[in-house]
$ cat structure-v5.txt   # compact mmCIF, C-alpha atoms
# COMPACT_ATOMS: atom_id res chain seq x y z
CA MET A 1 -6.70 2.58 42.10
CA GLU A 2 -3.76 3.46 39.88
CA VAL A 3 -4.19 6.31 37.39
CA LEU A 4 -1.77 6.44 34.46
CA LEU A 5 -1.19 9.65 32.55
CA PHE A 6 0.05 9.95 28.99
CA GLY A 7 1.01 12.59 26.47
CA ILE A 8 -0.12 16.07 27.35
CA ALA A 9 -2.06 14.75 30.38
CA LYS A 10 1.22 13.75 31.95
CA ASP A 11 2.62 17.24 31.31
CA ILE A 12 -0.48 18.94 32.77
CA VAL A 13 -0.48 16.91 35.98
CA GLY A 14 3.30 16.71 36.16
CA THR A 15 3.49 12.98 36.83
CA SER A 16 3.05 9.78 34.84
CA SER A 17 0.85 8.13 37.51
CA PHE A 18 -0.82 8.61 40.86
CA ARG A 19 -2.93 6.43 43.19
CA PHE A 20 -6.19 6.68 45.05
CA GLU A 21 -5.91 4.60 48.21
CA GLY A 22 -8.69 3.19 50.36
CA GLY A 23 -8.56 6.18 52.72
CA ASP A 24 -8.95 8.71 49.86
CA VAL A 25 -12.19 10.08 48.46
CA VAL A 26 -12.19 7.81 45.43
CA PRO A 27 -14.12 8.88 42.29
CA GLN A 28 -17.06 6.54 41.74
CA SER A 29 -17.30 6.89 37.96
CA VAL A 30 -15.33 7.96 34.90
CA LEU A 31 -17.30 11.20 34.82
CA GLU A 32 -16.45 11.97 38.45
CA LEU A 33 -12.77 11.32 37.77
CA LYS A 34 -12.82 13.66 34.75
CA GLU A 35 -14.56 16.36 36.77
CA ARG A 36 -12.05 15.98 39.56
CA LEU A 37 -9.16 16.37 37.10
CA SER A 38 -10.71 19.45 35.47
CA GLU A 39 -11.25 21.12 38.84
CA THR A 40 -7.67 20.60 39.92
CA PHE A 41 -6.11 21.17 36.47
CA PRO A 42 -8.33 23.52 34.42
CA GLU A 43 -6.01 23.04 31.44
CA PHE A 44 -7.79 19.74 30.75
CA ASP A 45 -10.77 21.80 29.53
CA ASN A 46 -8.63 23.16 26.69
CA LEU A 47 -7.98 19.73 25.12
CA SER A 48 -9.74 18.60 21.92
CA SER A 49 -11.11 15.61 23.80
CA LEU A 50 -10.38 13.45 26.81
CA ALA A 51 -10.98 9.73 27.10
CA VAL A 52 -10.52 7.35 29.98
CA ALA A 53 -9.60 3.70 29.85
CA VAL A 54 -10.47 1.28 32.63
CA ASN A 55 -8.34 -1.85 32.67
CA SER A 56 -7.08 -1.13 29.12
CA GLU A 57 -10.55 -0.61 27.60
CA TYR A 58 -12.10 2.69 26.57
CA ALA A 59 -14.84 3.48 29.11
CA ASP A 60 -17.98 5.66 28.97
CA ASP A 61 -18.52 8.47 31.47
CA SER A 62 -21.05 6.28 33.30
CA LYS A 63 -18.59 3.45 33.90
CA GLY A 64 -18.14 2.76 37.61
CA LEU A 65 -14.67 2.58 39.12
CA ASN A 66 -13.28 0.11 41.65
CA LEU A 67 -10.22 0.41 43.86
CA GLY A 68 -8.41 -2.39 42.02
CA ASP A 69 -8.83 -0.84 38.54
CA GLU A 70 -6.01 0.42 36.36
CA ILE A 71 -7.20 3.75 34.97
CA ALA A 72 -5.58 5.65 32.10
CA ILE A 73 -6.16 9.29 31.16
CA ILE A 74 -6.16 9.40 27.37
CA PRO A 75 -5.79 12.78 25.70
CA PRO A 76 -6.29 12.91 21.90
CA VAL A 77 -4.26 10.05 20.40
CA SER A 78 -1.82 10.84 17.60
CA GLY A 79 -0.08 7.64 16.62
CA GLY A 80 0.91 6.77 13.07
CA MET B 1 8.14 -3.08 -41.79
CA GLU B 2 8.88 -5.31 -38.84
CA VAL B 3 5.93 -6.91 -37.05
CA LEU B 4 6.53 -8.17 -33.48
CA LEU B 5 4.25 -10.75 -31.92
CA PHE B 6 3.72 -11.30 -28.21
CA GLY B 7 1.85 -13.61 -25.88
CA ILE B 8 -0.82 -15.70 -27.54
CA ALA B 9 -0.30 -13.83 -30.85
CA LYS B 10 3.17 -15.34 -31.03
CA ASP B 11 1.73 -18.80 -30.42
CA ILE B 12 -1.00 -18.34 -33.05
CA VAL B 13 1.38 -17.21 -35.79
CA GLY B 14 4.21 -19.46 -34.63
CA THR B 15 6.91 -16.80 -34.69
CA SER B 16 7.92 -13.80 -32.60
CA SER B 17 8.35 -11.50 -35.64
CA PHE B 18 8.05 -11.25 -39.38
CA ARG B 19 8.75 -8.54 -41.97
CA PHE B 20 6.95 -6.94 -44.87
CA GLU B 21 9.56 -5.89 -47.45
CA GLY B 22 9.23 -3.31 -50.21
CA GLY B 23 8.28 -5.98 -52.76
CA ASP B 24 5.42 -7.36 -50.56
CA VAL B 25 1.81 -6.18 -50.55
CA VAL B 26 2.18 -4.08 -47.44
CA PRO B 27 -0.93 -3.28 -45.32
CA GLN B 28 -1.70 0.44 -45.53
CA SER B 29 -3.38 0.78 -42.13
CA VAL B 30 -3.73 -0.87 -38.76
CA LEU B 31 -7.18 -2.12 -39.80
CA GLU B 32 -5.82 -3.70 -42.96
CA LEU B 33 -3.07 -5.42 -40.97
CA LYS B 34 -5.61 -6.80 -38.50
CA GLU B 35 -7.83 -8.05 -41.32
CA ARG B 36 -4.86 -9.69 -42.99
CA LEU B 37 -3.94 -11.48 -39.75
CA SER B 38 -7.52 -12.67 -39.16
CA GLU B 39 -7.80 -14.05 -42.70
CA THR B 40 -4.59 -16.01 -42.40
CA PHE B 41 -5.05 -17.01 -38.72
CA PRO B 42 -8.78 -17.16 -37.89
CA GLU B 43 -7.89 -17.86 -34.27
CA PHE B 44 -7.31 -14.12 -33.80
CA ASP B 45 -11.09 -13.68 -33.96
CA ASN B 46 -11.41 -15.71 -30.75
CA LEU B 47 -9.37 -13.28 -28.63
CA SER B 48 -10.99 -10.92 -26.12
CA SER B 49 -9.42 -7.99 -27.95
CA LEU B 50 -6.52 -7.18 -30.23
CA ALA B 51 -4.51 -3.97 -30.24
CA VAL B 52 -1.69 -2.81 -32.46
CA ALA B 53 1.19 -0.55 -31.55
CA VAL B 54 3.07 1.49 -34.13
CA ASN B 55 6.53 2.55 -33.02
CA SER B 56 5.73 1.67 -29.39
CA GLU B 57 2.45 3.64 -29.23
CA TYR B 58 -1.04 2.20 -29.23
CA ALA B 59 -2.59 2.99 -32.65
CA ASP B 60 -6.20 3.31 -33.87
CA ASP B 61 -7.47 1.18 -36.73
CA SER B 62 -7.24 4.20 -39.03
CA LYS B 63 -3.53 4.78 -38.37
CA GLY B 64 -1.50 4.56 -41.60
CA LEU B 65 1.56 2.31 -41.77
CA ASN B 66 4.94 3.01 -43.32
CA LEU B 67 7.65 0.58 -44.35
CA GLY B 68 10.05 1.84 -41.66
CA ASP B 69 7.57 1.35 -38.78
CA GLU B 70 7.99 -1.13 -35.95
CA ILE B 71 4.60 -2.76 -35.48
CA ALA B 72 3.55 -4.87 -32.49
CA ILE B 73 0.55 -7.17 -32.29
CA ILE B 74 -0.83 -6.79 -28.78
CA PRO B 75 -3.27 -9.41 -27.52
CA PRO B 76 -5.01 -8.70 -24.17
CA VAL B 77 -2.31 -7.60 -21.73
CA SER B 78 -2.07 -9.39 -18.39
CA GLY B 79 0.84 -7.89 -16.45
CA GLY B 80 0.84 -7.40 -12.71
CA MET C 1 10.73 8.26 -10.55
CA ILE C 2 11.99 4.70 -11.01
CA VAL C 3 10.56 2.60 -13.86
CA GLU C 4 12.16 -0.76 -14.54
CA ILE C 5 11.69 -4.20 -16.03
CA VAL C 6 13.90 -6.69 -14.22
CA ASP C 7 14.53 -10.40 -13.84
CA GLU C 8 14.13 -10.47 -10.06
CA ILE C 9 12.22 -8.18 -7.71
CA ALA C 10 13.50 -7.47 -4.19
CA PRO C 11 10.45 -5.87 -2.54
CA GLY C 12 12.38 -4.85 0.57
CA GLN C 13 14.45 -2.29 -1.32
CA VAL C 14 11.46 -0.21 -2.43
CA TYR C 15 11.02 1.59 0.91
CA ALA C 16 14.44 3.15 0.67
CA GLU C 17 13.64 4.16 -2.91
CA LEU C 18 10.41 5.89 -1.87
CA SER C 19 11.72 7.51 1.31
CA HIS C 20 11.86 11.31 1.17
CA PRO C 21 12.19 13.98 3.88
CA ASN C 22 8.77 15.38 3.07
CA SER C 23 6.99 12.04 2.70
CA GLY C 24 4.90 11.23 5.75
CA GLY C 25 3.26 8.37 3.86
CA ILE C 26 4.60 5.57 1.67
CA CYS C 27 2.21 3.10 0.05
CA VAL C 28 3.48 -0.01 -1.73
CA PHE C 29 1.68 -2.76 -3.60
CA VAL C 30 3.39 -6.05 -4.38
CA GLY C 31 1.83 -8.55 -6.75
CA ALA C 32 2.93 -12.15 -6.24
CA VAL C 33 2.23 -15.57 -7.75
CA ARG C 34 -0.79 -17.26 -6.20
CA GLU C 35 -0.95 -21.00 -5.82
CA PHE C 36 -4.51 -21.42 -7.07
CA THR C 37 -6.56 -19.98 -9.95
CA ASP C 38 -10.19 -21.17 -9.96
CA ASN C 39 -9.14 -24.05 -7.67
CA GLU C 40 -6.50 -25.26 -10.10
CA GLU C 41 -2.96 -25.47 -8.81
CA VAL C 42 -0.57 -23.10 -10.57
CA LYS C 43 2.96 -24.40 -10.96
CA ALA C 44 4.43 -21.10 -12.14
CA LEU C 45 3.76 -17.96 -14.12
CA GLU C 46 5.79 -16.85 -17.08
CA PHE C 47 5.93 -13.16 -17.98
CA GLU C 48 6.84 -11.73 -21.33
CA ALA C 49 7.16 -8.00 -22.09
CA TYR C 50 7.39 -5.80 -25.16
CA LYS C 51 10.10 -4.14 -23.20
CA SER C 52 10.67 -0.82 -25.00
CA MET C 53 6.96 -0.03 -25.17
CA ALA C 54 6.26 -1.39 -21.67
CA LEU C 55 8.85 1.00 -20.22
CA ARG C 56 7.30 3.91 -22.14
CA GLU C 57 3.82 3.06 -20.87
CA MET C 58 5.11 2.64 -17.30
CA GLU C 59 6.79 6.06 -17.55
CA LYS C 60 3.55 7.59 -18.82
CA ILE C 61 1.58 6.03 -15.97
CA ALA C 62 4.09 7.28 -13.39
CA GLY C 63 3.87 10.74 -14.99
CA GLU C 64 0.07 10.68 -14.91
CA ALA C 65 0.13 9.80 -11.23
CA THR C 66 2.46 12.70 -10.42
CA GLN C 67 0.07 15.00 -12.32
CA LYS C 68 -2.98 13.73 -10.46
CA TRP C 69 -1.48 13.69 -6.96
CA GLU C 70 1.31 15.51 -5.14
CA LEU C 71 3.91 12.78 -4.95
CA ASN C 72 7.53 12.94 -3.92
CA LYS C 73 8.63 9.57 -5.33
CA VAL C 74 7.16 6.88 -7.58
CA VAL C 75 8.38 3.36 -8.34
CA ILE C 76 7.01 0.94 -10.93
CA ARG C 77 9.01 -2.27 -11.35
CA HIS C 78 7.86 -5.39 -13.18
CA ALA C 79 9.58 -8.74 -13.46
CA VAL C 80 9.81 -10.93 -16.55
CA GLY C 81 10.59 -14.63 -16.90
CA LYS C 82 9.36 -17.60 -14.92
CA LYS C 83 8.10 -16.97 -11.38
CA GLU C 84 7.03 -19.56 -8.82
CA VAL C 85 4.40 -19.44 -6.09
CA GLU C 86 4.93 -16.54 -3.63
CA GLU C 87 7.54 -14.90 -5.83
CA PRO C 88 6.93 -11.17 -6.43
CA VAL C 89 6.16 -10.18 -10.02
CA VAL C 90 5.40 -6.50 -9.73
CA VAL C 91 5.96 -3.73 -7.20
CA VAL C 92 4.48 -0.24 -7.43
CA GLY C 93 4.61 2.50 -4.84
CA ALA C 94 4.38 6.19 -4.16
CA SER C 95 5.29 8.54 -1.33
CA SER C 96 3.64 11.81 -0.41
CA ALA C 97 3.26 14.31 2.42
CA HIS C 98 -0.10 12.84 3.51
CA ARG C 99 -1.48 9.35 3.13
CA ASP C 100 -4.47 9.97 0.86
CA ALA C 101 -2.27 10.80 -2.11
CA CYS C 102 0.06 7.81 -1.81
CA PHE C 103 -2.80 5.32 -1.33
CA GLU C 104 -4.76 6.63 -4.30
CA ALA C 105 -1.69 6.90 -6.49
CA CYS C 106 -0.53 3.37 -5.61
CA ARG C 107 -3.92 1.98 -6.58
CA TYR C 108 -3.86 3.97 -9.83
CA LEU C 109 -0.39 2.69 -10.68
CA ILE C 110 -1.28 -0.99 -10.41
CA ASP C 111 -4.76 -0.67 -11.97
CA THR C 112 -3.47 1.26 -14.97
CA LEU C 113 -0.42 -0.97 -15.37
CA LYS C 114 -2.73 -3.97 -15.64
CA GLU C 115 -4.86 -2.22 -18.27
CA ARG C 116 -2.21 -0.79 -20.55
CA VAL C 117 1.32 -2.05 -20.11
CA PRO C 118 2.25 -4.60 -22.80
CA ILE C 119 3.22 -7.48 -20.56
CA TRP C 120 1.71 -10.94 -20.83
CA LYS C 121 1.35 -13.67 -18.26
CA LYS C 122 1.10 -17.39 -18.96
CA GLU C 123 -0.23 -19.64 -16.22
CA ILE C 124 1.55 -22.96 -16.12
CA PHE C 125 -0.64 -25.72 -14.66
CA LYS C 126 0.24 -29.38 -14.33
CA ASN C 127 -1.22 -30.33 -17.70
CA LYS C 128 -1.71 -27.09 -19.61
CA MET C 129 -0.56 -23.52 -20.14
CA VAL C 130 -2.92 -20.57 -20.47
CA TRP C 131 -2.30 -16.97 -21.59
CA VAL C 132 -4.25 -15.03 -18.97
CA SER C 133 -7.19 -12.90 -20.24
CA ALA C 134 -6.55 -13.83 -23.88
CA HIS C 135 -10.01 -15.33 -24.42
CA PRO C 136 -13.41 -14.00 -23.30
CA MET D 1 -1.30 -11.75 12.46
CA ILE D 2 1.65 -9.74 13.78
CA VAL D 3 1.00 -6.87 16.20
CA GLU D 4 3.99 -5.20 17.81
CA ILE D 5 5.32 -2.07 19.47
CA VAL D 6 9.04 -1.78 18.85
CA ASP D 7 11.94 0.62 19.19
CA GLU D 8 13.00 0.46 15.55
CA ILE D 9 11.03 -0.41 12.42
CA ALA D 10 12.68 -2.18 9.47
CA PRO D 11 10.11 -1.71 6.70
CA GLY D 12 11.90 -4.10 4.35
CA GLN D 13 11.09 -7.12 6.51
CA VAL D 14 7.32 -6.70 6.28
CA TYR D 15 7.07 -8.10 2.78
CA ALA D 16 8.33 -11.51 3.92
CA GLU D 17 5.91 -11.37 6.87
CA LEU D 18 2.94 -10.79 4.56
CA SER D 19 3.91 -13.25 1.84
CA HIS D 20 1.58 -16.25 1.53
CA PRO D 21 1.06 -18.86 -1.21
CA ASN D 22 -2.49 -17.69 -1.80
CA SER D 23 -1.78 -13.96 -1.64
CA GLY D 24 -1.68 -12.41 -5.10
CA GLY D 25 -1.68 -8.96 -3.53
CA ILE D 26 0.23 -7.36 -0.69
CA CYS D 27 -0.40 -3.76 0.33
CA VAL D 28 1.83 -1.97 2.81
CA PHE D 29 1.68 1.52 4.27
CA VAL D 30 4.68 3.07 6.02
CA GLY D 31 4.35 6.28 8.00
CA ALA D 32 7.56 8.27 8.36
CA VAL D 33 8.71 11.52 9.95
CA ARG D 34 8.19 14.53 7.69
CA GLU D 35 10.56 17.46 7.77
CA PHE D 36 7.90 20.18 7.77
CA THR D 37 4.58 20.74 9.55
CA ASP D 38 2.82 23.93 8.46
CA ASN D 39 6.13 25.19 7.06
CA GLU D 40 7.91 24.75 10.39
CA GLU D 41 10.94 22.54 10.44
CA VAL D 42 10.51 19.43 12.58
CA LYS D 43 13.69 18.26 14.32
CA ALA D 44 12.23 14.95 15.50
CA LEU D 45 9.10 13.21 16.73
CA GLU D 46 8.81 11.46 20.05
CA PHE D 47 6.28 8.66 20.45
CA GLU D 48 4.85 7.43 23.72
CA ALA D 49 2.48 4.46 24.05
CA TYR D 50 0.18 3.02 26.70
CA LYS D 51 1.71 -0.21 25.61
CA SER D 52 -0.59 -2.90 27.05
CA MET D 53 -3.72 -1.14 25.83
CA ALA D 54 -2.17 -0.11 22.50
CA LEU D 55 -1.36 -3.76 21.75
CA ARG D 56 -4.93 -4.78 22.63
CA GLU D 57 -6.38 -2.10 20.36
CA MET D 58 -4.00 -3.05 17.54
CA GLU D 59 -5.08 -6.69 17.91
CA LYS D 60 -8.72 -5.66 17.79
CA ILE D 61 -8.15 -3.60 14.65
CA ALA D 62 -6.31 -6.45 12.95
CA GLY D 63 -9.17 -8.76 13.93
CA GLU D 64 -11.77 -6.35 12.57
CA ALA D 65 -9.91 -6.17 9.27
CA THR D 66 -9.83 -9.97 8.95
CA GLN D 67 -13.60 -9.99 9.60
CA LYS D 68 -14.31 -7.33 6.98
CA TRP D 69 -12.02 -8.69 4.25
CA GLU D 70 -10.60 -12.08 3.28
CA LEU D 71 -7.00 -11.63 4.34
CA ASN D 72 -4.21 -14.16 4.61
CA LYS D 73 -1.81 -12.08 6.71
CA VAL D 74 -1.93 -8.81 8.64
CA VAL D 75 0.88 -6.78 10.22
CA ILE D 76 0.58 -3.73 12.47
CA ARG D 77 3.83 -2.46 13.95
CA HIS D 78 4.37 0.88 15.66
CA ALA D 79 7.58 2.41 16.93
CA VAL D 80 8.08 4.34 20.16
CA GLY D 81 10.82 6.74 21.22
CA LYS D 82 12.50 9.53 19.33
CA LYS D 83 12.43 9.39 15.52
CA GLU D 84 14.20 11.72 13.11
CA VAL D 85 13.21 12.93 9.65
CA GLU D 86 12.61 10.05 7.15
CA GLU D 87 12.64 7.42 9.91
CA PRO D 88 9.66 5.02 9.77
CA VAL D 89 7.29 5.22 12.72
CA VAL D 90 4.52 2.84 11.74
CA VAL D 91 4.04 0.04 9.23
CA VAL D 92 0.74 -1.68 8.49
CA GLY D 93 -0.02 -4.19 5.77
CA ALA D 94 -2.27 -6.97 4.59
CA SER D 95 -2.14 -9.71 1.98
CA SER D 96 -5.04 -11.28 0.13
CA ALA D 97 -5.90 -13.32 -2.95
CA HIS D 98 -6.95 -10.24 -4.92
CA ARG D 99 -5.85 -6.63 -4.60
CA ASP D 100 -9.11 -4.94 -3.59
CA ALA D 101 -9.10 -6.59 -0.18
CA CYS D 102 -5.49 -5.81 0.73
CA PHE D 103 -5.76 -2.15 -0.39
CA GLU D 104 -8.97 -1.55 1.54
CA ALA D 105 -7.74 -3.41 4.60
CA CYS D 106 -4.41 -1.55 4.63
CA ARG D 107 -6.24 1.77 4.55
CA TYR D 108 -8.56 0.63 7.34
CA LEU D 109 -5.61 -0.46 9.48
CA ILE D 110 -3.83 2.89 9.39
CA ASP D 111 -6.99 5.03 9.60
CA THR D 112 -8.32 3.10 12.60
CA LEU D 113 -4.93 2.96 14.30
CA LYS D 114 -4.76 6.75 14.14
CA GLU D 115 -8.25 7.06 15.63
CA ARG D 116 -8.07 4.60 18.48
CA VAL D 117 -4.66 3.30 19.44
CA PRO D 118 -3.34 5.03 22.59
CA ILE D 119 -0.08 6.34 21.20
CA TRP D 120 0.95 9.98 21.36
CA LYS D 121 3.30 11.97 19.21
CA LYS D 122 5.22 15.08 20.26
CA GLU D 123 6.65 17.27 17.52
CA ILE D 124 10.02 18.69 18.46
CA PHE D 125 10.72 21.99 16.70
CA LYS D 126 13.77 24.20 17.17
CA ASN D 127 12.20 26.28 19.94
CA LYS D 128 9.15 24.36 21.12
CA MET D 129 7.52 20.97 21.56
CA VAL D 130 3.90 20.22 20.67
CA TRP D 131 1.71 17.22 21.49
CA VAL D 132 0.00 16.62 18.13
CA SER D 133 -3.82 17.00 18.02
CA ALA D 134 -4.03 17.76 21.73
CA HIS D 135 -5.70 21.15 21.23
CA PRO D 136 -8.53 22.11 18.88

$ encode --input "structure-v5.txt" --output "structure tokens"
Amino acid sequence: MEVLLFGIAKDIVGTSSFRFEGGDVVPQSVLELKERLSETFPEFDNLSSLAVAVNSEYADDSKGLNLGDEIAIIPPVSGG
Amino acid sequence: MEVLLFGIAKDIVGTSSFRFEGGDVVPQSVLELKERLSETFPEFDNLSSLAVAVNSEYADDSKGLNLGDEIAIIPPVSGG
Amino acid sequence: MIVEIVDEIAPGQVYAELSHPNSGGICVFVGAVREFTDNEEVKALEFEAYKSMALREMEKIAGEATQKWELNKVVIRHAVGKKEVEEPVVVVGASSAHRDACFEACRYLIDTLKERVPIWKKEIFKNKMVWVSAHP
Amino acid sequence: MIVEIVDEIAPGQVYAELSHPNSGGICVFVGAVREFTDNEEVKALEFEAYKSMALREMEKIAGEATQKWELNKVVIRHAVGKKEVEEPVVVVGASSAHRDACFEACRYLIDTLKERVPIWKKEIFKNKMVWVSAHP
């Protein structure tokens, strides 16, 4: 499972991507992934909002995750 | 007093301008000018509206006219 | 503020005219000749202006817009003469710090131009010519 | 429908892209870098995109606009990388038979892009850098 990080999320974690491999404790849902990030990097709690995309689609907290998914951590967008 | 005609007004009267000279019976107001035009060219009564400009400003029917004025007959505008 | 009546409009140039270091938003409207009016094929439009008064009215409208909204730049440019399908006939635009002002001002510019500016448009069809809006 | 993420935006080209024989109206919005944010001088903006998803979202937004309004052409183009004051960063536009549709659609395109498209903007000031909207 590849996790891409953008904008301030990339700065907080200090990398533009990381992977969960089969041997890792892989988060089962979007919510679990968000919780995991907040625990490790409390600064995520200070953001205005935090969205997650699964395979290039915005995903609800309840969305289940699979090892082959491309995940993106989406802090508040500010295009335009 | 020079009277300029535009758009369909020019087609109705058949000229793009005419003059009232000192010796003519000159209309004293915008209303009188409009009435004069309608009498001579009844087709003016068929237009959606008819405005008059005196010295490049829209003028009310009550506006008085002077020999030195530049008058314009303004049928419904349709720019843009 | 640029207010002009011209023979040919080059819409691409208007962005440079509206650009400004404190304009985060630029809104432009271009009016062009449409091929069909009420399902009848239009061959061309012909525009005629009472030029001196049209320029005064366009200046007033641009001034009104800068009173109503905080604008950095305003352009109103209308073409005269014969224009064929897809050719631009009018371009209006405004630039402002934020986008609300330029959108609202741009809409005001074109709406008010169409109401007040002494310019007339003749539609040239295959078999007839019609002064637009002249009759009810 | 043109949906693109590019390094440089040439706003002048969009008019030709939106022109259409049945479009009497073309409305274009250009977003550019402003010199000041809250009275602080901005040196530059830097844009980063999640490109594959951003393109999908831009396509969806363009599709939604063509569902909501009768449009002949739609363009959404966003720039990435570092942009200096007055440089264009986004251009959206629509063309339609009458002007209501293209104005409303153009506004929808930019408003919805700003809400949903995964693109991020960092403001570069003299002494600091700020990811816009990241914090409450």

$ calpha_fit_and_write --input "structure-v5.txt" --fixed "chain B" --moving "chain A" --output "short mmCIF file (atom, residue, chain, number, x, y, z; two decimals) with C-alpha atoms, keeping the file's coordinate frame"
data_model
loop_
_atom_site.label_atom_id
_atom_site.label_comp_id
_atom_site.auth_asym_id
_atom_site.auth_seq_id
_atom_site.Cartn_x
_atom_site.Cartn_y
_atom_site.Cartn_z
CA MET A 1 8.15 -3.07 -41.79
CA GLU A 2 8.88 -5.31 -38.83
CA VAL A 3 5.93 -6.91 -37.02
CA LEU A 4 6.53 -8.16 -33.48
CA LEU A 5 4.26 -10.75 -31.92
CA PHE A 6 3.71 -11.31 -28.22
CA GLY A 7 1.86 -13.62 -25.88
CA ILE A 8 -0.81 -15.69 -27.53
CA ALA A 9 -0.29 -13.85 -30.85
CA LYS A 10 3.17 -15.34 -31.05
CA ASP A 11 1.73 -18.81 -30.42
CA ILE A 12 -0.99 -18.36 -33.06
CA VAL A 13 1.39 -17.21 -35.79
CA GLY A 14 4.21 -19.45 -34.63
CA THR A 15 6.92 -16.79 -34.71
CA SER A 16 7.93 -13.80 -32.60
CA SER A 17 8.35 -11.49 -35.63
CA PHE A 18 8.04 -11.24 -39.38
CA ARG A 19 8.74 -8.53 -42.00
CA PHE A 20 6.95 -6.92 -44.88
CA GLU A 21 9.54 -5.89 -47.46
CA GLY A 22 9.23 -3.34 -50.24
CA GLY A 23 8.25 -6.02 -52.77
CA ASP A 24 5.41 -7.35 -50.57
CA VAL A 25 1.80 -6.19 -50.56
CA VAL A 26 2.18 -4.07 -47.45
CA PRO A 27 -0.92 -3.28 -45.33
CA GLN A 28 -1.69 0.43 -45.53
CA SER A 29 -3.38 0.80 -42.14
CA VAL A 30 -3.74 -0.87 -38.76
CA LEU A 31 -7.17 -2.12 -39.78
CA GLU A 32 -5.81 -3.70 -42.96
CA LEU A 33 -3.07 -5.43 -40.97
CA LYS A 34 -5.61 -6.81 -38.48
CA GLU A 35 -7.82 -8.05 -41.31
CA ARG A 36 -4.87 -9.68 -42.99
CA LEU A 37 -3.95 -11.49 -39.75
CA SER A 38 -7.52 -12.67 -39.17
CA GLU A 39 -7.79 -14.04 -42.70
CA THR A 40 -4.59 -16.03 -42.40
CA PHE A 41 -5.05 -17.01 -38.73
CA PRO A 42 -8.78 -17.16 -37.89
CA GLU A 43 -7.89 -17.87 -34.26
CA PHE A 44 -7.30 -14.13 -33.81
CA ASP A 45 -11.09 -13.69 -33.96
CA ASN A 46 -11.43 -15.71 -30.76
CA LEU A 47 -9.36 -13.29 -28.64
CA SER A 48 -10.99 -10.91 -26.12
CA SER A 49 -9.42 -7.99 -27.96
CA LEU A 50 -6.52 -7.17 -30.23
CA ALA A 51 -4.50 -3.97 -30.23
CA VAL A 52 -1.69 -2.80 -32.45
CA ALA A 53 1.19 -0.56 -31.54
CA VAL A 54 3.06 1.49 -34.12
CA ASN A 55 6.53 2.56 -33.02
CA SER A 56 5.73 1.66 -29.37
CA GLU A 57 2.46 3.63 -29.22
CA TYR A 58 -1.05 2.20 -29.22
CA ALA A 59 -2.58 2.99 -32.63
CA ASP A 60 -6.19 3.31 -33.86
CA ASP A 61 -7.47 1.17 -36.73
CA SER A 62 -7.23 4.21 -39.02
CA LYS A 63 -3.53 4.76 -38.37
CA GLY A 64 -1.50 4.54 -41.58
CA LEU A 65 1.56 2.31 -41.76
CA ASN A 66 4.95 3.01 -43.32
CA LEU A 67 7.66 0.58 -44.36
CA GLY A 68 10.04 1.83 -41.67
CA ASP A 69 7.58 1.34 -38.78
CA GLU A 70 8.00 -1.12 -35.94
CA ILE A 71 4.60 -2.75 -35.48
CA ALA A 72 3.55 -4.86 -32.50
CA ILE A 73 0.54 -7.18 -32.29
CA ILE A 74 -0.84 -6.78 -28.78
CA PRO A 75 -3.27 -9.40 -27.53
CA PRO A 76 -5.02 -8.70 -24.19
CA VAL A 77 -2.32 -7.59 -21.72
CA SER A 78 -2.08 -9.37 -18.38
CA GLY A 79 0.80 -7.88 -16.46
CA GLY A 80 0.82 -7.38 -12.71
#

$ residues_around --input "structure-v5.txt" --residues "stretch 46-57 of chain B" --least-positions-apart "3" --cutoff "7 Å" --atoms "all atoms listed in the file" --output "list in words"
Val30, Glu43, Asp69, Glu70, Ile71, Ala72, Ile73, Ile74, Pro75 and Pro76 of chain B; Met53, Ala134, His135 and Pro136 of chain C

$ residues_around --input "structure-v5.txt" --residues "D:Lys83" --least-positions-apart "6" --cutoff "12 Å" --atoms "only C-alpha atoms" --output "PyMOL selection string"
chain D and resi 7-9+31-35+42-48+89-90+121-124

$ closest_atom_pairs --input "structure-v5.txt" --of "chain D" --to "chain C" --cutoff "7 Å" --atoms "all atoms listed in the file" --output "Markdown table"
| residue | atom | partner | partner_atom | distance |
| --- | --- | --- | --- | --- |
| D:Pro11 | CA | C:Tyr15 | CA | 6.7 |
| D:Gly12 | CA | C:Gly12 | CA | 3.9 |
| D:Gln13 | CA | C:Gly12 | CA | 6.5 |
| D:Tyr15 | CA | C:Gly12 | CA | 6.6 |
| D:Ser19 | CA | C:Glu86 | CA | 6.5 |
| D:His20 | CA | C:Glu86 | CA | 6.2 |
| D:Pro21 | CA | C:Glu86 | CA | 5.1 |
| D:Asn22 | CA | C:Arg34 | CA | 4.7 |
| D:Ser23 | CA | C:Arg34 | CA | 5.7 |
| D:Gly24 | CA | C:Ala32 | CA | 4.8 |
| D:Gly25 | CA | C:Gly31 | CA | 4.8 |
| D:Ile26 | CA | C:Val30 | CA | 5.0 |
| D:Cys27 | CA | C:Phe29 | CA | 4.6 |
| D:Val28 | CA | C:Val28 | CA | 5.2 |
| D:Phe29 | CA | C:Cys27 | CA | 4.5 |
| D:Val30 | CA | C:Ile26 | CA | 5.0 |
| D:Gly31 | CA | C:Gly25 | CA | 4.8 |
| D:Ala32 | CA | C:Gly24 | CA | 4.8 |
| D:Val33 | CA | C:Gly24 | CA | 5.7 |
| D:Arg34 | CA | C:Asn22 | CA | 4.7 |
| D:Glu35 | CA | C:Asn22 | CA | 5.4 |
| D:Phe36 | CA | C:Asn22 | CA | 6.8 |
| D:Val85 | CA | C:Pro21 | CA | 6.0 |
| D:Glu86 | CA | C:Pro21 | CA | 5.1 |

$ atom_distance --input "structure-v5.txt" --atom1 "atom CA of C:Ala94" --atom2 "atom CA of C:Tyr108"
10.2 Å
